[in-house]
$ cat query04.txt   # compact mmCIF, C-alpha atoms and all ligand atoms
# COMPACT_ATOMS: atom_id res chain seq x y z
CA MET Y 533 53.37 -58.12 -42.54
CA GLU Y 534 50.48 -59.23 -44.76
CA ILE Y 535 50.36 -58.82 -48.53
CA LEU Y 536 47.23 -57.21 -49.93
CA ASP Y 537 46.75 -59.65 -52.77
CA GLY Y 538 44.91 -57.68 -55.45
CA LYS Y 539 45.21 -60.51 -57.91
CA LEU Y 540 43.44 -63.01 -55.68
CA LEU Y 541 40.84 -60.51 -54.51
CA SER Y 542 40.06 -59.45 -58.06
CA ILE Y 543 39.48 -63.11 -59.03
CA GLN Y 544 37.01 -63.42 -56.15
CA ILE Y 545 35.16 -60.23 -57.12
CA MET Y 546 35.09 -61.27 -60.79
CA GLU Y 547 33.50 -64.58 -59.76
CA GLU Y 548 30.84 -62.70 -57.80
CA ILE Y 549 30.16 -60.50 -60.82
CA ALA Y 550 29.98 -63.53 -63.15
CA ALA Y 551 27.40 -65.13 -60.84
CA GLU Y 552 25.29 -61.94 -60.92
CA VAL Y 553 25.50 -61.79 -64.71
CA LYS Y 554 24.26 -65.38 -64.91
CA GLU Y 555 21.29 -64.45 -62.73
CA LEU Y 556 20.52 -61.36 -64.84
CA VAL Y 557 20.58 -63.38 -68.04
CA ALA Y 558 18.52 -66.20 -66.48
CA SER Y 559 15.87 -63.62 -65.56
CA GLY Y 560 15.57 -62.66 -69.23
CA LYS Y 561 17.75 -59.51 -69.25
CA ARG Y 562 20.60 -59.09 -71.67
CA ALA Y 563 24.19 -59.31 -70.42
CA PRO Y 564 25.89 -56.00 -69.45
CA HIS Y 565 27.73 -54.44 -72.39
CA LEU Y 566 30.95 -52.40 -72.15
CA ALA Y 567 32.52 -50.60 -75.10
CA ALA Y 568 36.15 -49.50 -75.15
CA VAL Y 569 37.50 -46.95 -77.63
CA ILE Y 570 41.20 -46.70 -78.35
CA VAL Y 571 42.80 -44.11 -80.64
CA GLY Y 572 46.40 -44.49 -81.83
CA ASP Y 573 49.08 -47.07 -81.05
CA ASP Y 574 50.28 -46.38 -77.51
CA PRO Y 575 51.58 -49.86 -76.50
CA ALA Y 576 50.62 -49.57 -72.81
CA SER Y 577 47.09 -48.42 -73.74
CA LYS Y 578 46.69 -51.39 -76.08
CA VAL Y 579 47.60 -53.78 -73.25
CA TYR Y 580 45.19 -52.05 -70.84
CA VAL Y 581 42.28 -52.14 -73.30
CA ARG Y 582 42.95 -55.76 -74.24
CA ASN Y 583 42.85 -56.66 -70.51
CA LYS Y 584 39.58 -54.81 -70.07
CA VAL Y 585 37.94 -56.55 -73.02
CA ARG Y 586 39.24 -59.94 -71.85
CA SER Y 587 37.85 -59.29 -68.37
CA CYS Y 588 34.42 -58.63 -69.90
CA GLU Y 589 34.53 -62.03 -71.56
CA LYS Y 590 35.49 -63.71 -68.27
CA VAL Y 591 32.36 -62.47 -66.47
CA GLY Y 592 29.97 -63.04 -69.37
CA PHE Y 593 29.59 -59.39 -70.45
CA GLN Y 594 29.23 -58.35 -74.05
CA SER Y 595 32.07 -56.11 -75.18
CA THR Y 596 32.77 -53.90 -78.15
CA HIS Y 597 36.33 -52.88 -78.94
CA ILE Y 598 36.57 -49.83 -81.20
CA VAL Y 599 40.08 -49.29 -82.58
CA LYS Y 600 40.86 -46.05 -84.45
CA PRO Y 601 44.07 -44.79 -86.04
CA SER Y 602 45.99 -41.85 -84.53
CA SER Y 603 44.89 -39.76 -87.56
CA THR Y 604 41.30 -39.80 -86.22
CA THR Y 605 40.00 -36.22 -85.86
CA GLU Y 606 38.40 -34.76 -82.76
CA GLU Y 607 35.09 -34.46 -84.64
CA GLU Y 608 35.19 -38.13 -85.61
CA LEU Y 609 35.86 -39.17 -82.02
CA LEU Y 610 33.10 -36.89 -80.72
CA GLN Y 611 30.75 -38.61 -83.18
CA ILE Y 612 31.78 -42.05 -81.88
CA VAL Y 613 31.15 -40.87 -78.31
CA ASN Y 614 27.73 -39.52 -79.27
CA ASP Y 615 26.81 -42.76 -81.02
CA LEU Y 616 27.76 -44.72 -77.89
CA ASN Y 617 25.79 -42.26 -75.72
CA GLU Y 618 22.70 -42.90 -77.86
CA ASN Y 619 23.10 -46.66 -78.28
CA PRO Y 620 20.64 -48.42 -75.92
CA GLU Y 621 22.57 -51.70 -76.25
CA ILE Y 622 25.67 -50.18 -74.56
CA ASP Y 623 25.54 -49.80 -70.75
CA GLY Y 624 28.88 -48.07 -70.31
CA PHE Y 625 31.97 -47.16 -72.25
CA ILE Y 626 35.47 -45.81 -71.86
CA VAL Y 627 37.74 -43.80 -74.11
CA GLN Y 628 41.26 -44.93 -73.27
CA LEU Y 629 43.66 -42.09 -72.35
CA PRO Y 630 46.06 -40.67 -73.39
CA LEU Y 631 44.62 -39.44 -76.69
CA PRO Y 632 46.75 -38.09 -79.55
CA ASN Y 633 47.79 -34.45 -78.99
CA HIS Y 634 45.37 -32.99 -81.56
CA ILE Y 635 42.37 -34.30 -79.58
CA SER Y 636 41.27 -32.53 -76.39
CA GLU Y 637 40.86 -35.12 -73.63
CA GLU Y 638 38.76 -32.61 -71.70
CA LYS Y 639 36.33 -32.13 -74.59
CA ILE Y 640 35.94 -35.87 -75.10
CA THR Y 641 35.46 -36.57 -71.38
CA LEU Y 642 32.80 -33.85 -71.14
CA GLU Y 643 30.94 -35.32 -74.11
CA ILE Y 644 30.49 -38.73 -72.45
CA ASP Y 645 27.03 -39.18 -70.94
CA PRO Y 646 27.66 -39.35 -67.14
CA ARG Y 647 25.19 -42.27 -67.03
CA LYS Y 648 27.58 -44.29 -69.18
CA ASP Y 649 30.84 -42.89 -67.77
CA VAL Y 650 32.03 -46.10 -66.11
CA ASP Y 651 35.56 -44.67 -65.81
CA GLY Y 652 34.11 -42.05 -63.45
CA PHE Y 653 36.12 -39.24 -65.09
CA HIS Y 654 33.22 -36.92 -65.97
CA PRO Y 655 32.97 -33.89 -63.63
CA VAL Y 656 29.36 -34.82 -62.86
CA ASN Y 657 30.47 -38.18 -61.43
CA PHE Y 658 33.45 -36.56 -59.71
CA GLY Y 659 31.16 -33.95 -58.11
CA ARG Y 660 28.65 -36.59 -57.02
CA MET Y 661 31.49 -38.62 -55.51
CA ALA Y 662 32.76 -35.55 -53.60
CA GLN Y 663 29.28 -34.92 -52.20
CA GLY Y 664 28.76 -38.55 -51.20
CA LEU Y 665 25.98 -39.07 -53.77
CA PRO Y 666 25.68 -42.25 -55.86
CA ALA Y 667 28.36 -42.05 -58.57
CA TYR Y 668 30.65 -44.12 -60.73
CA LEU Y 669 33.89 -44.02 -58.77
CA PRO Y 670 37.11 -43.82 -60.80
CA ALA Y 671 38.40 -47.37 -61.14
CA THR Y 672 41.73 -47.18 -59.28
CA PRO Y 673 40.43 -45.40 -56.15
CA PHE Y 674 37.34 -47.65 -56.20
CA GLY Y 675 39.65 -50.68 -56.32
CA ILE Y 676 41.69 -49.39 -53.37
CA MET Y 677 38.54 -48.77 -51.30
CA GLN Y 678 37.29 -52.30 -52.03
CA MET Y 679 40.65 -53.70 -51.02
CA LEU Y 680 40.63 -51.84 -47.67
CA ASP Y 681 37.06 -52.99 -47.11
CA ARG Y 682 37.58 -56.67 -47.95
CA TYR Y 683 40.73 -56.91 -45.86
CA ASN Y 684 38.87 -55.23 -42.95
CA ILE Y 685 41.49 -52.54 -42.58
CA GLU Y 686 40.38 -49.90 -40.09
CA VAL Y 687 40.28 -46.52 -41.84
CA SER Y 688 38.00 -44.49 -39.57
CA GLY Y 689 39.93 -41.96 -37.48
CA LYS Y 690 43.26 -42.95 -39.02
CA GLU Y 691 45.89 -40.55 -40.35
CA CYS Y 692 46.14 -41.11 -44.10
CA VAL Y 693 48.70 -39.58 -46.42
CA VAL Y 694 48.17 -39.59 -50.18
CA LEU Y 695 51.23 -38.88 -52.33
CA GLY Y 696 50.25 -37.43 -55.72
CA ARG Y 697 47.22 -35.31 -56.67
CA SER Y 698 46.21 -36.60 -60.12
CA ASN Y 699 42.56 -36.39 -61.14
CA ILE Y 700 42.34 -40.14 -61.61
CA VAL Y 701 44.06 -41.40 -58.44
CA GLY Y 702 45.48 -39.03 -55.81
CA THR Y 703 42.72 -36.43 -55.56
CA PRO Y 704 39.75 -38.84 -55.69
CA ILE Y 705 41.27 -41.32 -53.21
CA SER Y 706 41.92 -38.43 -50.79
CA ILE Y 707 38.22 -37.52 -51.02
CA LEU Y 708 37.02 -41.12 -50.63
CA LEU Y 709 39.18 -41.76 -47.58
CA SER Y 710 37.89 -38.64 -45.86
CA ARG Y 711 34.21 -39.06 -46.80
CA LYS Y 712 31.62 -39.85 -44.14
CA ALA Y 713 31.27 -43.47 -45.20
CA SER Y 714 32.69 -46.91 -44.60
CA PRO Y 715 35.50 -47.26 -45.40
CA GLY Y 716 36.23 -43.58 -44.86
CA ASN Y 717 36.22 -41.08 -41.98
CA ALA Y 718 40.00 -40.77 -42.09
CA THR Y 719 42.02 -37.60 -41.60
CA VAL Y 720 43.77 -37.10 -44.91
CA ALA Y 721 46.80 -35.11 -46.05
CA LEU Y 722 47.19 -34.81 -49.82
CA CYS Y 723 50.87 -34.30 -50.62
CA HIS Y 724 52.33 -33.33 -54.00
CA SER Y 725 55.37 -31.86 -55.70
CA ARG Y 726 55.11 -28.56 -53.76
CA THR Y 727 54.70 -30.19 -50.34
CA LYS Y 728 57.35 -29.03 -47.88
CA ASP Y 729 58.99 -31.67 -45.71
CA LEU Y 730 57.04 -34.60 -47.10
CA LYS Y 731 58.72 -36.97 -44.66
CA SER Y 732 57.15 -35.22 -41.66
CA HIS Y 733 53.76 -36.21 -43.12
CA THR Y 734 54.59 -39.79 -44.10
CA LEU Y 735 56.21 -40.49 -40.71
CA ARG Y 736 52.89 -39.74 -38.96
CA ALA Y 737 50.72 -41.78 -41.31
CA ASP Y 738 48.79 -44.95 -40.46
CA ILE Y 739 47.90 -45.49 -44.13
CA ILE Y 740 49.91 -44.22 -47.12
CA VAL Y 741 48.67 -44.26 -50.73
CA VAL Y 742 51.52 -43.61 -53.16
CA ALA Y 743 50.57 -42.49 -56.70
CA LEU Y 744 53.53 -40.58 -58.09
CA GLY Y 745 55.05 -42.53 -60.98
CA ILE Y 746 58.52 -42.33 -59.39
CA PRO Y 747 60.18 -45.76 -58.98
CA GLU Y 748 60.98 -46.69 -55.36
CA PHE Y 749 60.31 -43.18 -54.05
CA LEU Y 750 59.00 -44.21 -50.60
CA THR Y 751 61.76 -45.67 -48.46
CA ALA Y 752 61.82 -47.28 -44.99
CA ASP Y 753 63.17 -44.16 -43.26
CA MET Y 754 60.01 -42.26 -44.33
CA ILE Y 755 57.46 -44.50 -42.53
CA LYS Y 756 56.58 -45.64 -39.04
CA GLU Y 757 56.25 -49.27 -37.92
CA GLY Y 758 52.92 -50.93 -38.71
CA VAL Y 759 51.78 -48.58 -41.48
CA VAL Y 760 49.49 -49.78 -44.32
CA ILE Y 761 51.03 -49.16 -47.75
CA ILE Y 762 49.05 -48.92 -50.99
CA ASP Y 763 51.44 -48.65 -53.93
CA VAL Y 764 49.69 -47.42 -57.08
CA GLY Y 765 52.80 -46.77 -59.16
CA ILE Y 766 53.57 -48.85 -62.24
CA ASN Y 767 57.02 -48.01 -63.56
CA ARG Y 768 59.14 -49.69 -66.19
CA VAL Y 769 62.73 -49.87 -65.01
CA GLU Y 770 65.52 -51.07 -67.32
CA ASP Y 771 66.78 -54.49 -66.32
CA ALA Y 772 69.24 -56.34 -68.54
CA THR Y 773 68.55 -59.60 -66.67
CA ALA Y 774 64.82 -59.49 -67.48
CA LYS Y 775 63.53 -61.20 -70.65
CA ARG Y 776 61.84 -58.02 -71.94
CA GLY Y 777 64.77 -55.79 -70.93
CA TYR Y 778 62.76 -54.11 -68.19
CA ARG Y 779 60.91 -54.97 -65.01
CA LEU Y 780 57.88 -53.37 -63.37
CA THR Y 781 58.31 -51.60 -60.08
CA GLY Y 782 56.06 -49.53 -57.89
CA ASP Y 783 56.63 -46.15 -56.20
CA VAL Y 784 57.72 -47.94 -53.03
CA LYS Y 785 61.09 -49.50 -52.22
CA TYR Y 786 59.33 -52.77 -51.60
CA ASP Y 787 61.74 -54.97 -49.64
CA GLU Y 788 62.77 -52.47 -46.98
CA VAL Y 789 59.29 -50.94 -46.62
CA ALA Y 790 57.52 -54.33 -46.50
CA ALA Y 791 59.68 -55.34 -43.52
CA LYS Y 792 58.28 -52.41 -41.52
CA CYS Y 793 54.59 -52.30 -42.40
CA SER Y 794 51.44 -54.22 -41.42
CA TYR Y 795 49.97 -54.51 -44.94
CA ILE Y 796 51.39 -53.76 -48.36
CA THR Y 797 50.28 -54.08 -52.00
CA PRO Y 798 52.83 -55.70 -54.32
CA VAL Y 799 53.60 -54.40 -57.84
CA PRO Y 800 52.48 -56.12 -59.98
CA GLY Y 801 49.54 -57.97 -58.44
CA GLY Y 802 48.22 -55.31 -56.07
CA VAL Y 803 46.26 -52.24 -57.16
CA GLY Y 804 46.49 -53.01 -60.91
CA PRO Y 805 44.13 -56.02 -61.05
CA MET Y 806 41.67 -54.24 -58.73
CA THR Y 807 41.48 -51.34 -61.19
CA VAL Y 808 40.22 -53.50 -64.06
CA THR Y 809 37.79 -55.33 -61.77
CA SER Y 810 36.37 -51.99 -60.61
CA LEU Y 811 35.66 -50.93 -64.18
CA ILE Y 812 33.79 -54.20 -64.67
CA LYS Y 813 31.90 -53.58 -61.44
CA ASN Y 814 30.93 -50.09 -62.58
CA THR Y 815 29.59 -51.55 -65.83
CA LEU Y 816 27.45 -54.03 -63.89
CA ARG Y 817 26.14 -51.12 -61.81
CA ALA Y 818 25.33 -49.28 -65.05
CA ALA Y 819 23.46 -52.27 -66.47
CA LYS Y 820 21.43 -52.49 -63.25
CA ASN Y 821 20.75 -48.70 -63.21
CA GLU Y 822 22.15 -48.59 -59.68
CA VAL Y 823 23.73 -45.13 -59.85
CA TYR Y 824 21.28 -43.18 -62.02
CA LYS Y 825 17.75 -44.45 -61.47
P1 LIG Y 901 50.42 -38.29 -62.45
O1 LIG Y 901 51.58 -38.82 -63.19
O2 LIG Y 901 49.33 -37.63 -63.21
O3 LIG Y 901 50.86 -37.26 -61.33
C1 LIG Y 901 51.93 -37.49 -60.44
C2 LIG Y 901 51.69 -36.74 -59.16
O4 LIG Y 901 52.84 -36.89 -58.37
C3 LIG Y 901 51.46 -35.23 -59.31
O5 LIG Y 901 50.31 -34.89 -58.59
C4 LIG Y 901 52.69 -34.59 -58.67
O6 LIG Y 901 52.37 -33.42 -57.92
C5 LIG Y 901 53.19 -35.66 -57.73
N1 LIG Y 901 54.64 -35.62 -57.58
C6 LIG Y 901 55.58 -35.71 -58.54
N2 LIG Y 901 56.82 -35.65 -57.99
C7 LIG Y 901 56.65 -35.54 -56.66
C8 LIG Y 901 57.53 -35.46 -55.56
N3 LIG Y 901 58.86 -35.49 -55.71
N4 LIG Y 901 57.00 -35.36 -54.33
C9 LIG Y 901 55.68 -35.35 -54.14
N5 LIG Y 901 54.79 -35.42 -55.15
C10 LIG Y 901 55.28 -35.52 -56.38
O7 LIG Y 901 49.84 -39.47 -61.51
P2 LIG Y 901 48.91 -40.72 -61.81
O8 LIG Y 901 48.28 -40.67 -63.16
O9 LIG Y 901 48.06 -40.86 -60.61
O10 LIG Y 901 49.98 -41.93 -61.85
C11 LIG Y 901 50.86 -42.21 -60.80
C12 LIG Y 901 51.42 -43.61 -60.94
O11 LIG Y 901 50.38 -44.53 -60.80
C13 LIG Y 901 52.04 -43.92 -62.30
O12 LIG Y 901 53.13 -44.80 -62.09
C14 LIG Y 901 50.94 -44.63 -63.04
O13 LIG Y 901 51.43 -45.51 -64.03
C15 LIG Y 901 50.30 -45.40 -61.92
N6 LIG Y 901 48.89 -45.76 -62.12
C16 LIG Y 901 48.56 -47.04 -61.81
C17 LIG Y 901 47.25 -47.45 -61.93
C18 LIG Y 901 46.90 -48.86 -61.55
O14 LIG Y 901 45.88 -49.36 -61.95
N7 LIG Y 901 47.72 -49.53 -60.74
C19 LIG Y 901 46.26 -46.56 -62.35
C20 LIG Y 901 46.64 -45.24 -62.63
C21 LIG Y 901 47.96 -44.86 -62.49
$ encode --input "query04.txt" --output "structure tokens"
Amino acid sequence: MEILDGKLLSIQIMEEIAAEVKELVASGKRAPHLAAVIVGDDPASKVYVRNKVRSCEKVGFQSTHIVKPSSTTEEELLQIVNDLNENPEIDGFIVQLPLPNHISEEKITLEIDPRKDVDGFHPVNFGRMAQGLPAYLPATPFGIMQMLDRYNIEVSGKECVVLGRSNIVGTPISILLSRKASPGNATVALCHSRTKDLKSHTLRADIIVVALGIPEFLTADMIKEGVVIIDVGINRVEDATAKRGYRLTGDVKYDEVAAKCSYITPVPGGVGPMTVTSLIKNTLRAAKNEVYK
């Protein structure tokens, strides 16, 4: 069994990006610039946004961190989005989800200029991805695809099972794995809460991507020997022995599953770091006008 070390791989990719930024700046261009908007005080969101801004600094990007109180109105947020759309100094930006209940996430996402949508959540980017056209890929699926690529894991012709059909992970990764591309060309089953006899699917799979948000859902009896496991889940589980009173666990019962598979991503240190790196990569692509000419 080999661990898919997302932490190490993300450091390597960040170094590559930093080198490209140096070249861009040396050639007289300005450094790529990412803006991140956060509304309200969701503690997890604050950590995510802080990590994203810190990552920008590491690779030599400019970053702008816009922090707004939870009382911010939808109109005010739409105005911020429009200002960022119009600002030629900003290459890409994200509005951290979830938003407070009185703001429509759909409305905000639709307002973002697809050319600056480095989260890849706008339907225009999603549609382009589905058709195999140049697009900003959503960060988590993009990170998983890079991981499969860099570890030279054969995907073509394999049976893949994706557990979970969210718009940000399950559905897009199922599309990417089945696309006519490399990595890609897999036969994919997208399983969800209404799937009957889930185990019959997972037992056949060569590659399983688990994105459910259910701690230790996938167990050893549900997989065959030699399978590749990508665990997207990040769950806080109470643990009196841990300093913070909780520990992080994935959607996979790690110890027993790891013993049976060929590759596995740990939690933490697997998919998570690759997600942030992919956002940074999308911003570099935006600065270089790689997706929209
Ligand atoms: P979500 O919470 O939006 O949706 C969960 C999905 O699981 C749904 O499609 C549902 O149909 C399916 N599901 C629920 N119970 C099921 C069951 N018993 N059997 C089969 N399917 C079932 O999903 P999400 O936003 O993709 O998040 C999933 C997990 O991934 C969460 O733990 C989240 O924190 C984590 N996540 C991690 C990263 C990262 O960077 N590592 C990024 C995004 C999400």
$ atom_distance --input "query04.txt" --atom1 "atom N7 of ligand LIG 901 (chain Y)" --atom2 "atom CA of Y:Asp649"
19.5 Å
$ closest_residue --input "query04.txt" --among "Y:Ile685, Y:Ala576, Y:Ile626, Y:Ile796" --to "ligand LIG 901 (chain Y)" --atoms "all atoms listed in the file"
Y:Ala576
$ closest_residue --input "query04.txt" --among "Y:Ala671, Y:Ala790, Y:Ser688, Y:Asp738" --to "ligand LIG 901 (chain Y)" --atoms "all atoms listed in the file"
Y:Ala671
$ closest_residue --input "query04.txt" --among "Y:Gly696, Y:Pro646, Y:Pro800, Y:Gly689" --to "ligand LIG 901 (chain Y)" --atoms "only C-alpha atoms and all ligand atoms"
Y:Gly696
$ residues_near_ligand --input "query04.txt" --ligand "ligand LIG 901 (chain Y)" --cutoff "10 Å" --atoms "all atoms listed in the file" --output "PyMOL selection string"
chain Y and resi 576+580+670-673+675-676+694-704+722-731+742-747+749-750+762-768+780-783+799-808+810
$ atom_distance --input "query04.txt" --atom1 "atom CA of Y:Val557" --atom2 "atom CA of Y:Ile812"
16.4 Å
$ residues_around --input "query04.txt" --residues "Y:Leu642" --least-positions-apart "4" --cutoff "12 Å" --atoms "only C-alpha atoms" --output "number ranges by chain"
Y: 610, 613-614, 617, 627, 636-638, 646, 648-649, 652-658
$ closest_residue --input "query04.txt" --among "Y:Tyr786, Y:Phe674, Y:Phe593, Y:Tyr795" --to "Y:Glu621" --atoms "all atoms listed in the file"
Y:Phe593
$ atom_distance --input "query04.txt" --atom1 "atom CA of Y:Val571" --atom2 "atom CA of Y:Lys600"
4.7 Å
$ closest_residue --input "query04.txt" --among "Y:His565, Y:Arg582, Y:Lys813, Y:Arg779" --to "Y:Ile622" --atoms "only C-alpha atoms"
Y:His565
$ residues_near_point --input "query04.txt" --point "(22.1, -45.2, -61.2)" --cutoff "10 Å" --atoms "all atoms listed in the file" --output "list in words"
Arg647, Lys648, Pro666, Ala667, Tyr668, Arg817, Ala818, Ala819, Lys820, Asn821, Glu822, Val823, Tyr824 and Lys825 of chain Y
$ closest_residue --input "query04.txt" --among "Y:Ser577, Y:Thr751, Y:Ser559, Y:Ser587" --to "Y:Leu811" --atoms "only C-alpha atoms"
Y:Ser587
$ closest_atom_pairs --input "query04.txt" --of "stretch 624-711 of chain Y" --to "stretch 755-758 of chain Y" --cutoff "12 Å" --atoms "all atoms listed in the file" --output "Markdown table"
| residue | atom | partner | partner_atom | distance |
| --- | --- | --- | --- | --- |
| Y:Glu691 | CA | Y:Lys756 | CA | 11.9 |
| Y:Cys692 | CA | Y:Ile755 | CA | 11.9 |
| Y:Val693 | CA | Y:Ile755 | CA | 10.8 |
